[in-house]
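Structure file coords_13.cif with mmCIF, C-alpha atoms:
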data_target
loop_
_atom_site.label_atom_id
_atom_site.label_comp_id
_atom_site.auth_asym_id
_atom_site.auth_seq_id
_atom_site.Cartn_x
_atom_site.Cartn_y
_atom_site.Cartn_z
CA MET G 16 -1.80 -6.28 3.87
CA ASN G 17 -1.69 -3.47 6.43
CA THR G 18 -4.05 -2.87 9.33
CA ARG G 19 -6.07 -0.27 7.44
CA ASP G 20 -6.70 -2.63 4.50
CA HIS G 21 -7.57 -5.44 6.90
CA TYR G 22 -10.31 -3.46 8.59
CA GLU G 23 -11.64 -2.06 5.33
CA LYS G 24 -12.22 -5.68 4.26
CA ILE G 25 -14.01 -6.50 7.50
CA VAL G 26 -16.06 -3.30 7.37
CA ARG G 27 -17.18 -4.02 3.82
CA HIS G 28 -18.29 -7.50 4.87
CA THR G 29 -20.05 -6.49 8.08
CA ASP G 30 -21.82 -3.67 6.32
CA SER G 31 -23.38 -6.28 4.01
CA VAL G 32 -24.56 -8.66 6.74
CA PRO G 33 -28.38 -8.68 6.87
CA SER G 34 -29.68 -7.33 10.17
CA SER G 35 -31.58 -10.58 10.74
CA HIS G 36 -28.23 -12.36 11.04
CA SER G 37 -26.92 -10.15 13.81
CA ALA G 38 -27.97 -9.57 17.39
CA PHE G 39 -26.46 -6.11 17.40
CA SER G 40 -25.90 -3.10 15.17
CA LEU G 41 -22.79 -2.71 13.03
CA TYR G 42 -21.45 0.75 12.19
CA PRO G 43 -18.72 0.89 9.49
CA PHE G 44 -16.67 3.97 10.45
CA GLY G 45 -14.46 5.53 7.78
CA LEU G 46 -10.80 4.63 8.30
CA CYS G 47 -7.95 7.10 8.55
CA PRO G 48 -4.22 6.31 8.08
CA ALA G 49 -3.34 8.45 11.11
CA GLY G 50 -3.91 5.91 13.88
CA SER G 51 -4.21 8.26 16.84
CA PHE G 52 -6.60 10.58 15.01
CA PHE G 53 -8.79 7.65 13.96
CA ALA G 54 -8.78 6.26 17.51
CA VAL G 55 -10.17 9.54 18.88
CA LEU G 56 -12.64 9.86 16.01
CA ALA G 57 -13.87 6.28 16.43
CA LEU G 58 -14.39 6.71 20.16
CA LEU G 59 -16.34 9.92 19.65
CA ALA G 60 -18.49 8.17 17.06
CA ALA G 61 -19.01 5.27 19.46
CA VAL G 62 -20.22 7.63 22.20
CA TRP G 63 -22.72 9.11 19.75
CA LEU G 64 -23.91 5.81 18.20
CA ARG G 65 -23.83 3.72 21.40
CA PRO G 66 -22.89 0.46 19.62
CA HIS G 67 -23.56 -2.90 21.19
CA VAL G 68 -19.90 -3.85 20.86
CA VAL G 69 -16.58 -2.19 20.04
CA GLY G 70 -13.85 -4.23 18.34
CA THR G 71 -10.32 -2.87 18.02
CA ARG G 72 -6.62 -3.68 17.74
CA SER G 73 -5.68 -0.60 19.77
CA ALA G 74 -5.07 -1.27 23.47
CA THR G 75 -5.78 2.39 24.23
CA VAL G 76 -9.11 2.40 22.40
CA ALA G 77 -10.10 -0.87 24.06
CA LEU G 78 -9.28 0.38 27.55
CA VAL G 79 -11.15 3.67 27.10
CA SER G 80 -14.09 1.90 25.45
CA ALA G 81 -14.53 -0.66 28.23
CA GLY G 82 -13.22 1.30 31.19
CA LEU G 83 -14.51 4.82 30.63
CA PHE G 84 -17.64 4.27 28.54
CA GLY G 85 -18.55 0.73 29.60
CA PHE G 86 -19.00 -0.53 26.03
CA THR G 87 -18.77 -4.28 25.53
CA THR G 88 -15.29 -4.54 24.01
CA VAL G 89 -13.39 -7.10 21.94
CA PHE G 90 -9.64 -6.75 21.49
CA GLU G 91 -7.74 -8.40 18.63
CA LEU G 92 -4.09 -9.34 19.15
CA HIS G 93 -1.70 -10.35 16.35
CA ASP G 94 1.65 -10.06 18.14
CA PRO G 95 3.32 -11.90 21.04
CA ILE G 96 2.86 -10.17 24.38
CA GLY G 97 6.62 -9.86 24.74
CA SER G 98 6.80 -7.70 21.60
CA LEU G 99 4.43 -5.08 23.06
CA SER G 100 5.62 -2.03 24.93
CA ARG G 101 5.38 -1.96 28.69
CA ARG G 102 2.57 0.59 28.47
CA GLN G 103 0.61 -1.61 26.04
CA ARG G 104 0.99 -4.63 28.33
CA GLN G 105 -0.21 -2.60 31.32
CA ARG G 106 -3.27 -1.42 29.39
CA LEU G 107 -4.11 -4.94 28.28
CA ALA G 108 -3.79 -6.23 31.84
CA LYS G 109 -6.26 -3.56 33.01
CA LEU G 110 -8.59 -4.24 30.09
CA ILE G 111 -8.86 -7.96 30.79
CA GLY G 112 -9.97 -7.27 34.35
CA LEU G 113 -12.87 -5.05 33.31
CA GLU G 114 -16.46 -6.30 33.35
CA ALA G 115 -17.15 -4.86 29.89
CA PHE G 116 -14.26 -6.79 28.31
CA ARG G 117 -15.81 -9.63 26.31
CA MET G 118 -12.94 -11.56 24.69
CA LEU G 119 -9.47 -11.50 23.20
CA VAL G 120 -9.23 -12.53 19.53
CA VAL G 121 -5.83 -14.05 18.71
CA THR G 122 -4.50 -15.47 15.46
CA SER G 123 -2.88 -18.65 16.77
CA GLN G 124 -2.84 -21.15 19.62
CA ARG G 125 0.65 -19.98 20.48
CA LEU G 126 -0.60 -16.42 20.98
CA ARG G 127 -3.40 -17.76 23.16
CA ASP G 128 -0.91 -19.64 25.34
CA ASP G 129 1.35 -16.58 25.43
CA SER G 130 -1.53 -14.38 26.57
CA ILE G 131 -2.54 -16.82 29.31
CA ARG G 132 1.04 -16.94 30.56
CA HIS G 133 1.58 -13.17 30.62
CA LEU G 134 -1.90 -11.74 31.14
CA HIS G 135 -3.82 -14.62 32.78
CA ALA G 136 -6.56 -13.94 30.25
CA GLY G 137 -9.37 -16.47 30.02
CA LYS G 138 -11.78 -15.27 27.33
CA PHE G 139 -10.46 -16.17 23.88
CA LEU G 140 -11.28 -16.80 20.27
CA ILE G 141 -8.58 -18.19 18.02
CA ALA G 142 -9.16 -16.76 14.53
CA PRO G 143 -6.23 -17.24 12.12
CA ASN G 144 -5.63 -14.56 9.56
CA GLY G 145 -7.41 -14.73 6.22
CA ALA G 146 -7.19 -13.53 2.64
CA ASP G 147 -9.47 -12.59 -0.22
CA PRO G 148 -10.64 -15.05 -2.87
CA VAL G 149 -8.80 -14.87 -6.18
CA PRO G 150 -10.38 -12.10 -8.28
CA PRO G 151 -12.05 -13.32 -11.47
CA ASN G 152 -10.72 -12.52 -14.93
CA GLY G 153 -7.29 -11.49 -13.73
CA GLU G 154 -4.64 -10.54 -16.29
CA PRO G 155 -2.25 -13.45 -16.98
CA CYS G 156 1.45 -13.20 -16.23
CA SER G 157 4.06 -15.14 -18.19
CA LEU G 158 6.81 -16.74 -16.10
CA SER G 159 9.84 -18.60 -17.42
CA GLY G 160 10.60 -22.25 -16.78
CA THR G 161 8.92 -25.62 -17.19
CA PHE G 162 8.53 -26.20 -13.43
CA LYS G 163 7.92 -22.88 -11.69
CA VAL G 164 8.52 -22.67 -7.94
CA GLY G 165 7.32 -19.43 -6.40
CA TYR G 166 7.73 -17.30 -3.32
CA VAL G 167 5.75 -14.10 -2.67
CA GLY G 168 6.56 -11.83 0.25
CA HIS G 169 9.20 -9.93 2.15
CA LEU G 170 12.83 -11.05 2.22
CA TYR G 171 13.47 -10.26 5.88
CA LYS G 172 15.73 -12.59 7.83
CA GLY G 173 14.02 -15.89 8.52
CA LYS G 174 11.27 -15.42 5.91
CA GLY G 175 12.86 -18.06 3.74
CA MET G 176 15.48 -16.80 1.30
CA GLU G 177 18.05 -18.67 3.36
CA ILE G 178 16.37 -21.96 2.41
CA ILE G 179 15.68 -20.94 -1.19
CA SER G 180 19.34 -19.96 -1.69
CA ALA G 181 20.40 -23.37 -0.38
CA ILE G 182 18.07 -25.44 -2.58
CA ALA G 183 17.94 -23.49 -5.86
CA PRO G 184 21.47 -24.52 -6.96
CA ARG G 185 20.46 -28.17 -6.38
CA CYS G 186 17.25 -27.91 -8.40
CA GLY G 187 18.41 -27.07 -11.90
CA TRP G 188 15.16 -28.54 -13.25
CA ALA G 189 13.13 -25.81 -11.50
CA THR G 190 12.90 -22.04 -11.93
CA PHE G 191 12.49 -20.09 -8.70
CA HIS G 192 10.44 -16.92 -9.01
CA ILE G 193 10.86 -14.50 -6.09
CA VAL G 194 8.21 -11.77 -5.91
CA GLY G 195 8.82 -9.02 -3.35
CA GLY G 196 11.69 -7.55 -1.39
CA THR G 197 13.36 -4.19 -0.91
CA PRO G 198 16.05 -3.07 -3.37
CA GLY G 199 18.71 -3.72 -0.72
CA ASP G 200 17.49 -7.24 -0.01
CA ILE G 201 17.24 -8.06 -3.71
CA GLU G 202 20.77 -6.74 -4.32
CA TYR G 203 22.11 -8.94 -1.53
CA TRP G 204 20.42 -12.14 -2.67
CA THR G 205 21.07 -11.51 -6.36
CA ALA G 206 24.79 -11.29 -5.60
CA LYS G 207 24.64 -14.40 -3.44
CA LEU G 208 22.90 -16.35 -6.22
CA ALA G 209 24.87 -14.85 -9.10
CA LYS G 210 25.89 -18.33 -10.30
CA CYS G 211 22.34 -19.67 -10.06
CA PRO G 212 20.57 -18.82 -13.36
CA ASN G 213 17.35 -20.57 -12.36
CA THR G 214 16.47 -17.88 -9.80
CA VAL G 215 14.46 -14.86 -10.98
CA PHE G 216 13.85 -11.80 -8.79
CA HIS G 217 10.79 -9.80 -9.81
CA GLY G 218 11.18 -7.17 -7.10
CA TYR G 219 8.36 -5.30 -5.45
CA VAL G 220 4.96 -5.93 -7.02
CA PRO G 221 1.75 -4.17 -5.84
CA HIS G 222 -0.31 -6.56 -3.78
CA ALA G 223 -3.18 -6.62 -6.25
CA ALA G 224 -0.78 -7.68 -9.01
CA THR G 225 0.65 -10.67 -7.14
CA TYR G 226 -2.39 -12.76 -8.09
CA ALA G 227 -1.18 -12.92 -11.69
CA TYR G 228 2.21 -14.26 -10.58
CA LEU G 229 0.72 -16.82 -8.22
CA ALA G 230 -1.61 -18.09 -10.93
CA GLU G 231 1.38 -19.13 -13.05
CA MET G 232 3.34 -20.95 -10.32
CA ASP G 233 3.36 -24.75 -10.12
CA VAL G 234 4.41 -24.93 -6.46
CA VAL G 235 4.68 -22.20 -3.82
CA LEU G 236 7.01 -21.98 -0.84
CA ALA G 237 6.58 -20.84 2.75
CA PRO G 238 10.14 -21.54 3.94
CA TYR G 239 10.18 -19.95 7.38
CA LEU G 240 13.11 -20.45 9.72
CA ARG G 241 12.62 -20.99 13.44
CA ASP G 242 13.53 -17.33 13.98
CA VAL G 243 11.65 -14.89 11.75
CA GLU G 244 12.37 -11.18 11.79
CA GLY G 245 9.28 -8.98 11.84
CA GLN G 246 8.88 -5.72 9.97
CA GLY G 247 11.35 -3.25 11.44
CA GLY G 248 13.53 -6.05 12.81
CA GLY G 249 14.59 -6.86 16.33
CA ARG G 250 11.95 -9.42 17.29
CA ASN G 251 11.20 -13.04 16.51
CA ILE G 252 7.62 -13.49 15.27
CA ALA G 253 7.88 -17.18 14.35
CA GLU G 254 6.05 -18.55 17.38
CA GLY G 255 2.94 -16.43 17.02
CA MET G 256 2.67 -15.65 13.33
CA SER G 257 -0.34 -16.41 11.14
CA PRO G 258 1.14 -15.55 7.74
CA LEU G 259 -1.17 -13.90 5.21
CA LYS G 260 0.97 -15.50 2.52
CA LEU G 261 -0.27 -18.98 3.45
CA PHE G 262 -3.89 -18.01 2.98
CA GLU G 263 -3.20 -16.30 -0.33
CA TYR G 264 -1.45 -19.45 -1.53
CA MET G 265 -4.43 -21.51 -0.38
CA ALA G 266 -6.86 -19.18 -2.16
CA HIS G 267 -5.12 -20.00 -5.43
CA GLY G 268 -5.30 -23.73 -4.81
CA LYS G 269 -1.55 -24.04 -5.16
CA PRO G 270 0.44 -26.94 -3.69
CA ILE G 271 2.35 -25.49 -0.76
CA VAL G 272 5.70 -26.64 0.61
CA SER G 273 6.08 -25.09 4.04
CA SER G 274 8.30 -25.25 7.08
CA ASP G 275 7.04 -27.72 9.65
CA LEU G 276 6.49 -25.39 12.60
CA SER G 277 3.87 -25.83 15.31
CA VAL G 278 2.16 -22.54 14.45
CA ILE G 279 1.97 -23.55 10.77
CA ARG G 280 0.40 -26.89 11.73
CA GLU G 281 -2.56 -24.96 13.13
CA VAL G 282 -3.55 -24.38 9.47
CA LEU G 283 -1.62 -26.81 7.27
CA ARG G 284 -1.64 -30.62 7.36
CA ASP G 285 1.17 -32.63 5.84
CA SER G 286 0.20 -34.57 2.69
CA VAL G 287 -3.38 -33.27 3.04
CA ASN G 288 -3.32 -29.57 2.10
CA SER G 289 0.46 -29.10 1.96
CA VAL G 290 3.84 -30.74 2.24
CA LEU G 291 5.56 -29.88 5.52
CA VAL G 292 9.36 -29.97 5.73
CA SER G 293 11.88 -29.32 8.49
CA PRO G 294 13.40 -25.84 8.13
CA ASP G 295 16.72 -27.30 9.29
CA ASN G 296 17.40 -29.62 6.35
CA PRO G 297 17.58 -28.22 2.79
CA SER G 298 17.87 -31.75 1.38
CA ASP G 299 14.31 -32.46 2.53
CA TRP G 300 13.09 -29.42 0.59
CA VAL G 301 14.79 -30.67 -2.57
CA LYS G 302 13.15 -34.08 -2.12
CA ALA G 303 9.73 -32.49 -1.54
CA LEU G 304 9.99 -30.46 -4.73
CA GLN G 305 11.15 -33.50 -6.69
CA ARG G 306 8.20 -35.46 -5.36
CA LEU G 307 5.72 -32.79 -6.43
CA ARG G 308 7.39 -32.30 -9.80
CA GLU G 309 7.02 -35.99 -10.58
CA ASN G 310 3.47 -36.35 -9.24
CA LYS G 311 0.97 -33.92 -10.75
CA ALA G 312 -1.92 -35.84 -9.17
CA LEU G 313 -0.47 -35.11 -5.73
CA ARG G 314 0.01 -31.44 -6.63
CA ASP G 315 -3.61 -31.20 -7.71
CA GLN G 316 -4.86 -33.08 -4.65
CA ILE G 317 -3.18 -30.97 -1.98
CA GLY G 318 -3.83 -27.76 -3.92
CA GLN G 319 -7.55 -28.46 -4.21
CA GLN G 320 -7.76 -29.36 -0.52
CA ALA G 321 -5.94 -26.16 0.42
CA LYS G 322 -8.45 -24.11 -1.59
CA ALA G 323 -11.41 -25.96 -0.04
CA ASP G 324 -10.02 -25.29 3.45
CA PHE G 325 -9.50 -21.64 2.54
CA LEU G 326 -13.07 -21.14 1.35
CA ALA G 327 -14.52 -22.89 4.41
CA ARG G 328 -12.38 -21.27 7.10
CA TYR G 329 -9.81 -18.74 6.00
CA SER G 330 -11.38 -16.26 3.59
CA ARG G 331 -11.86 -12.82 5.12
CA ILE G 332 -15.61 -13.28 4.91
CA ALA G 333 -15.44 -16.65 6.70
CA ARG G 334 -13.15 -15.13 9.35
CA ALA G 335 -15.38 -12.08 9.90
CA THR G 336 -18.48 -14.27 10.11
CA ASN G 337 -16.81 -16.51 12.69
CA ILE G 338 -15.81 -13.54 14.84
CA LEU G 339 -19.24 -11.94 14.60
CA GLU G 340 -21.02 -15.16 15.56
CA GLU G 341 -18.71 -15.62 18.54
CA ILE G 342 -19.29 -12.03 19.68
CA LYS G 343 -23.04 -12.55 19.40
CA SER G 344 -22.86 -15.70 21.51
CA ARG G 345 -20.96 -13.83 24.23
CA MET G 346 -23.20 -10.81 24.46
CA PRO G 347 -24.74 -10.32 27.94
CA SER G 348 -28.25 -10.91 26.60
CA SER G 349 -27.27 -14.46 25.57
CA GLY G 350 -26.44 -15.35 29.14
CA SER G 351 -22.78 -15.99 28.30
CA SER G 352 -19.89 -14.34 30.04
#
Go ahead and render the structure in this file as structure tokens.
Amino acid sequence: MNTRDHYEKIVRHTDSVPSSHSAFSLYPFGLCPAGSFFAVLALLAAVWLRPHVVGTRSATVALVSAGLFGFTTVFELHDPIGSLSRRQRQRLAKLIGLEAFRMLVVTSQRLRDDSIRHLHAGKFLIAPNGADPVPPNGEPCSLSGTFKVGYVGHLYKGKGMEIISAIAPRCGWATFHIVGGTPGDIEYWTAKLAKCPNTVFHGYVPHAATYAYLAEMDVVLAPYLRDVEGQGGGRNIAEGMSPLKLFEYMAHGKPIVSSDLSVIREVLRDSVNSVLVSPDNPSDWVKALQRLRENKALRDQIGQQAKADFLARYSRIARATNILEEIKSRMPSSGSS
């Protein structure tokens, strides 16, 4: 989900929050795909409306909001500091030193540590990414195989096709359904797995349609390597990522087999709401899938716990509510800094 969609979800939620539940006004501005135009428009609207707080993922907007207009400002960071441009890092460093800066919202503990190391920031809220609940009455999707193992997402380097290509030939009793990928990526992996008939590539599917595929999968995979290429390439996002895919899997109540990485352990717990496996040993992935194939009770148990955790903490509504409550507690009138 892109940034525009993300904020449309938050805006729709905040617009529905009763005023009695908030210590400040919420103004849902219309969103525009042209980022720079929207940034200017939003700031002009803020000057006119005089909001109690401005929240943004734009370092420029945040700096102007807090530095020029003195609005209480919250900045949300989803990427490691090292991946930002020099200008963005300079703006963030200035922002954090301003009196009107209230807090930095990050999506993982690793991003928090990274920000402390590079920016010496001290006002944080860790809020992992979230997803939407599964829409009711979705159209069913028929997938082949008696034990369906699924993956939904991009096929960039490190996202997991390396592990899937290593285990699929050893799991003839499973059918691997791969949803997503560019034509070039699909061509590459199709050729690599030409002698593996239990691997099915469905290609690009609109995000709203992926729910039907997920509903039919018996087990879902999050097979990240220790180095994960971000969109556009050239940078490793593994240490700071908070993958939307995980939360969508959890929303469906599906048993998840995921790479055992420290950032993943901030959300998933082995044998509780997932099965965590080393990304360095394909044999362990085969064993994990065999275990789940033979134990439906375990599949149901970890899937149900994953869905319960999602509803309590990781839906977009739960995430937005958490952020809003934290902002409210840090407003100057509450006596908090």
Counting all atoms listed in the file, the option among G:Leu83, G:Val76, G:Ala223, G:Leu119 closest to Ile342 in chain G
G:Leu119
Once the PyMOL selection byres ((chain G and resi 178) around 12) is applied to the coordinates I shared, what remains selected? I want it as JSON, numbers by chain.
{"G": [166, 170, 172, 173, 174, 175, 176, 177, 179, 180, 181, 182, 183, 184, 185, 191, 204, 236, 237, 238, 239, 240, 241, 272, 273, 274, 292, 293, 294, 295, 296, 297, 298, 299, 300, 301]}
Taking into account all atoms listed in the file, which residue in the set G:Ala115, G:Leu126, G:Leu158, G:Ala74 is nearest to Met256 in chain G?
G:Leu126
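Using all atoms listed in the file, the smallest distance between any of G:Asn310, G:Thr87, G:Ser98, G:Ser157 and Glu114 in chain G comes from G:Thr87.
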Find the residues around Ala230 in chain G up to 9 Å (all atoms listed in the file counted), leave out those fewer than 2 positions away in its own chain, and share them as a list in words.
Pro155, Cys156, Thr225, Tyr226, Ala227, Tyr228, Met232, Asp233, His267 and Lys269 of chain G
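Nearest to Leu326 in chain G of all the residues G:Val149, G:Val234, G:Ile279, G:Ile111 is G:Val149, based on only C-alpha atoms.
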